[in-house]
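Colleague: For reference, the structure I am asking about is given below.
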Amino acid sequence: MNVNEPVSLHEHLVDQEWFNALLNSSLDCIIAIDHDGIIVEYNHAAQTVFGYTATEAIGHRLDELIIPERYQNRHREALARYLQTGVGSVIGRRVEVSGQTKSGKEIPVELTVLPIHPGRSPYFTAYLRDITDRKAAEEKIREYSLKLKTSLIETIDSVAA
């Protein structure tokens with residue numbers, strides 16, 4: 001395929017249909033923002049996890065929708081820093097952060113952000129996974145381990161007495 005040849009409208013529509021199918025079949029949330037922090041893509045998983053429809057989300061600032069208020073300035077500063085320096089602390093890394101649903105509930109999410117540079121200004125694609133269940137399971141394991149340790153100590157003390 002010659003990249004200099006124009007793409008027919010039919011080919012573009014097929015590509016767009018394939019892209020939309022890929023985006024919306026993902027089990028993870030996929031949210032893309034432009035360099036101003038405005039949501040430009042918002043998949044079905046994001047709708048399910050965060051509660052906003054794509055229509056409600058697209059065109060609005062990411063930080064005003066799903067980032068808890070106490071982290072919004074930090075997000076804006078990190079975006080500005082990346083635009084100035086090309087360096088970002090979460091770019092390409094997997095990190096755990098808090099997200100906020102439409103109802104205002106905070107949830108733990110795993111986040112990876114990748115920049116895309118199609119022209120002069122970058123876009124950012126965030127891949128998010130709700131880890132509420134995993135965090136609850138980790139807490140149960142921690143509690144069980146503590147109970148087991150306490151029980152073991154009590155047993156040892158009892159035998160020693």
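Quick note on naming: the chains in the structure tokens go A, B, ... in the order shown, residues restart at 1 in each chain, and ligands are numbered from 1 in order of appearance.
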Give me every strand (DSSP E) residue in chain A, going by DSSP on the backbone, as number ranges by chain.
Modeller: A: 29-33, 39-42, 95-100, 106-116, 123-130
Colleague: Please produce a file of those selected residues containing N, CA, C and O atoms, as a compact mmCIF listing (two decimals), in the first residue's frame.
Modeller:
```txt
# COMPACT_ATOMS: atom_id res chain seq x y z
N CYS A 29 -11.30 0.22 30.03
CA CYS A 29 -11.74 1.56 29.64
C CYS A 29 -10.66 2.16 28.75
O CYS A 29 -9.47 2.07 29.07
N ILE A 30 -11.08 2.75 27.66
CA ILE A 30 -10.16 3.47 26.79
C ILE A 30 -10.72 4.87 26.62
O ILE A 30 -11.83 5.06 26.13
N ILE A 31 -9.93 5.84 27.08
CA ILE A 31 -10.34 7.24 27.00
C ILE A 31 -9.19 8.01 26.37
O ILE A 31 -8.06 7.94 26.85
N ALA A 32 -9.49 8.75 25.32
CA ALA A 32 -8.46 9.57 24.68
C ALA A 32 -8.80 11.04 24.88
O ALA A 32 -9.97 11.43 24.84
N ILE A 33 -7.75 11.82 25.15
CA ILE A 33 -7.93 13.27 25.32
C ILE A 33 -6.99 13.99 24.37
O ILE A 33 -5.96 13.45 23.94
N ILE A 39 -11.90 15.23 26.29
CA ILE A 39 -12.14 13.84 25.88
C ILE A 39 -12.58 13.81 24.42
O ILE A 39 -13.52 14.50 24.02
N VAL A 40 -11.88 12.98 23.63
CA VAL A 40 -12.21 12.83 22.21
C VAL A 40 -12.66 11.41 21.86
O VAL A 40 -13.27 11.19 20.81
N GLU A 41 -12.33 10.45 22.70
CA GLU A 41 -12.79 9.07 22.53
C GLU A 41 -13.13 8.53 23.91
O GLU A 41 -12.44 8.83 24.89
N TYR A 42 -14.18 7.69 23.95
CA TYR A 42 -14.66 7.19 25.24
C TYR A 42 -15.41 5.90 24.94
O TYR A 42 -16.49 5.93 24.36
N VAL A 95 0.17 2.41 36.68
CA VAL A 95 0.07 2.98 38.03
C VAL A 95 -1.34 2.77 38.57
O VAL A 95 -2.29 2.62 37.80
N GLU A 96 -1.45 2.78 39.88
CA GLU A 96 -2.75 2.70 40.52
C GLU A 96 -3.13 4.09 41.00
O GLU A 96 -2.34 4.75 41.68
N VAL A 97 -4.32 4.53 40.62
CA VAL A 97 -4.82 5.85 41.00
C VAL A 97 -6.30 5.72 41.36
O VAL A 97 -6.90 4.66 41.21
N SER A 98 -6.87 6.82 41.81
CA SER A 98 -8.30 6.85 42.10
C SER A 98 -9.03 7.52 40.95
O SER A 98 -8.57 8.53 40.42
N GLY A 99 -10.16 6.94 40.60
CA GLY A 99 -11.05 7.55 39.63
C GLY A 99 -12.34 7.88 40.33
O GLY A 99 -12.59 7.44 41.45
N GLN A 100 -13.17 8.68 39.66
CA GLN A 100 -14.44 9.06 40.26
C GLN A 100 -15.57 8.80 39.27
O GLN A 100 -15.49 9.22 38.12
N GLU A 106 -15.56 7.19 44.59
CA GLU A 106 -14.17 6.97 44.17
C GLU A 106 -13.91 5.49 44.05
O GLU A 106 -14.35 4.70 44.89
N ILE A 107 -13.20 5.11 43.00
CA ILE A 107 -12.84 3.70 42.78
C ILE A 107 -11.36 3.62 42.45
O ILE A 107 -10.80 4.52 41.85
N PRO A 108 -10.72 2.51 42.86
CA PRO A 108 -9.32 2.33 42.47
C PRO A 108 -9.24 1.83 41.03
O PRO A 108 -10.02 0.96 40.63
N VAL A 109 -8.35 2.43 40.26
CA VAL A 109 -8.15 2.01 38.88
C VAL A 109 -6.67 1.86 38.60
O VAL A 109 -5.83 2.51 39.21
N GLU A 110 -6.39 0.97 37.68
CA GLU A 110 -5.03 0.81 37.16
C GLU A 110 -5.00 1.61 35.87
O GLU A 110 -5.92 1.51 35.05
N LEU A 111 -3.96 2.40 35.67
CA LEU A 111 -3.90 3.34 34.56
C LEU A 111 -2.59 3.21 33.80
O LEU A 111 -1.52 3.10 34.40
N THR A 112 -2.69 3.25 32.49
CA THR A 112 -1.54 3.38 31.61
C THR A 112 -1.89 4.47 30.60
O THR A 112 -2.99 4.46 30.05
N VAL A 113 -0.97 5.40 30.38
CA VAL A 113 -1.21 6.49 29.44
C VAL A 113 -0.14 6.45 28.36
O VAL A 113 1.06 6.34 28.66
N LEU A 114 -0.59 6.55 27.11
CA LEU A 114 0.34 6.60 25.99
C LEU A 114 0.05 7.83 25.15
O LEU A 114 -1.10 8.09 24.81
N PRO A 115 1.10 8.60 24.81
CA PRO A 115 0.88 9.75 23.93
C PRO A 115 0.87 9.31 22.47
O PRO A 115 1.53 8.33 22.10
N ILE A 116 0.10 10.02 21.68
CA ILE A 116 0.05 9.79 20.24
C ILE A 116 0.29 11.14 19.59
O ILE A 116 -0.35 12.13 19.96
N TYR A 123 -2.07 13.73 21.38
CA TYR A 123 -3.26 13.19 22.03
C TYR A 123 -2.75 12.17 23.04
O TYR A 123 -1.63 11.68 22.93
N PHE A 124 -3.57 11.84 24.00
CA PHE A 124 -3.18 10.88 25.02
C PHE A 124 -4.28 9.84 25.14
O PHE A 124 -5.45 10.20 25.25
N THR A 125 -3.88 8.59 25.11
CA THR A 125 -4.84 7.52 25.29
C THR A 125 -4.59 6.87 26.64
O THR A 125 -3.48 6.44 26.92
N ALA A 126 -5.64 6.84 27.45
CA ALA A 126 -5.56 6.24 28.77
C ALA A 126 -6.28 4.90 28.74
O ALA A 126 -7.40 4.81 28.23
N TYR A 127 -5.61 3.90 29.25
CA TYR A 127 -6.20 2.57 29.40
C TYR A 127 -6.40 2.38 30.90
O TYR A 127 -5.44 2.43 31.66
N LEU A 128 -7.65 2.21 31.30
CA LEU A 128 -7.97 2.10 32.72
C LEU A 128 -8.69 0.80 33.00
O LEU A 128 -9.50 0.35 32.19
N ARG A 129 -8.41 0.26 34.16
CA ARG A 129 -9.07 -0.98 34.60
C ARG A 129 -9.55 -0.76 36.03
O ARG A 129 -8.78 -0.37 36.89
N ASP A 130 -10.83 -1.03 36.25
CA ASP A 130 -11.39 -0.95 37.60
C ASP A 130 -10.81 -2.11 38.41
O ASP A 130 -10.98 -3.27 38.05
```
Colleague: Of the candidates A:Asp63, A:Leu27, A:Trp18, A:Thr53, which one gets nearest to Arg76 (chain A) if we count only C-alpha atoms?
Modeller: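 Counting only C-alpha atoms, the residue closest to Arg76 (chain A) is A:Asp63.
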Colleague: Please, what distance in Å, to one decimal, runs between CA of Leu79 (chain A) and CA of Asp36 (chain A)?
Modeller: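 We find that CA of Leu79 (chain A) and CA of Asp36 (chain A) lie 8.3 Å from each other.
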Colleague: Return the single residue from A:Leu65, A:Val159, A:Ile131, A:Ala137 that is closest to Tyr52 (chain A), with distances computed using only C-alpha atoms.
Modeller: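 When distances to Tyr52 (chain A) are compared using only C-alpha atoms, the smallest one comes from A:Leu65.
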Colleague: Please, what distance in Å, to one decimal, runs between CA of Ile153 (chain A) and CA of Ala136 (chain A)?
Modeller: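 If I compute the distance from CA of Ile153 (chain A) to CA of Ala136 (chain A), I get 25.8 Å.
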Colleague: Please return as a list in words: the residues of region 53-133 of chain A that backbone DSSP assigns to alpha helix (DSSP H).
Modeller: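 Those in region 53-133 of chain A that DSSP calls alpha helix (DSSP H) are Ala54, Thr55, Glu56, Ala57, Leu62, Asp63, Glu64, Leu65, Glu69, Arg70, Tyr71, Gln72, Asn73, Arg74, His75, Arg76, Glu77, Ala78, Leu79, Ala80, Arg81, Tyr82, Leu83, Gln84, Thr85, Thr132 and Asp133 of chain A.
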Colleague: Could you state the separation of CA of Arg94 (chain A) and CA of Ser145 (chain A) in Å, given to one decimal place?
Modeller: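 Result for CA of Arg94 (chain A) versus CA of Ser145 (chain A): 26.9 Å, one decimal.
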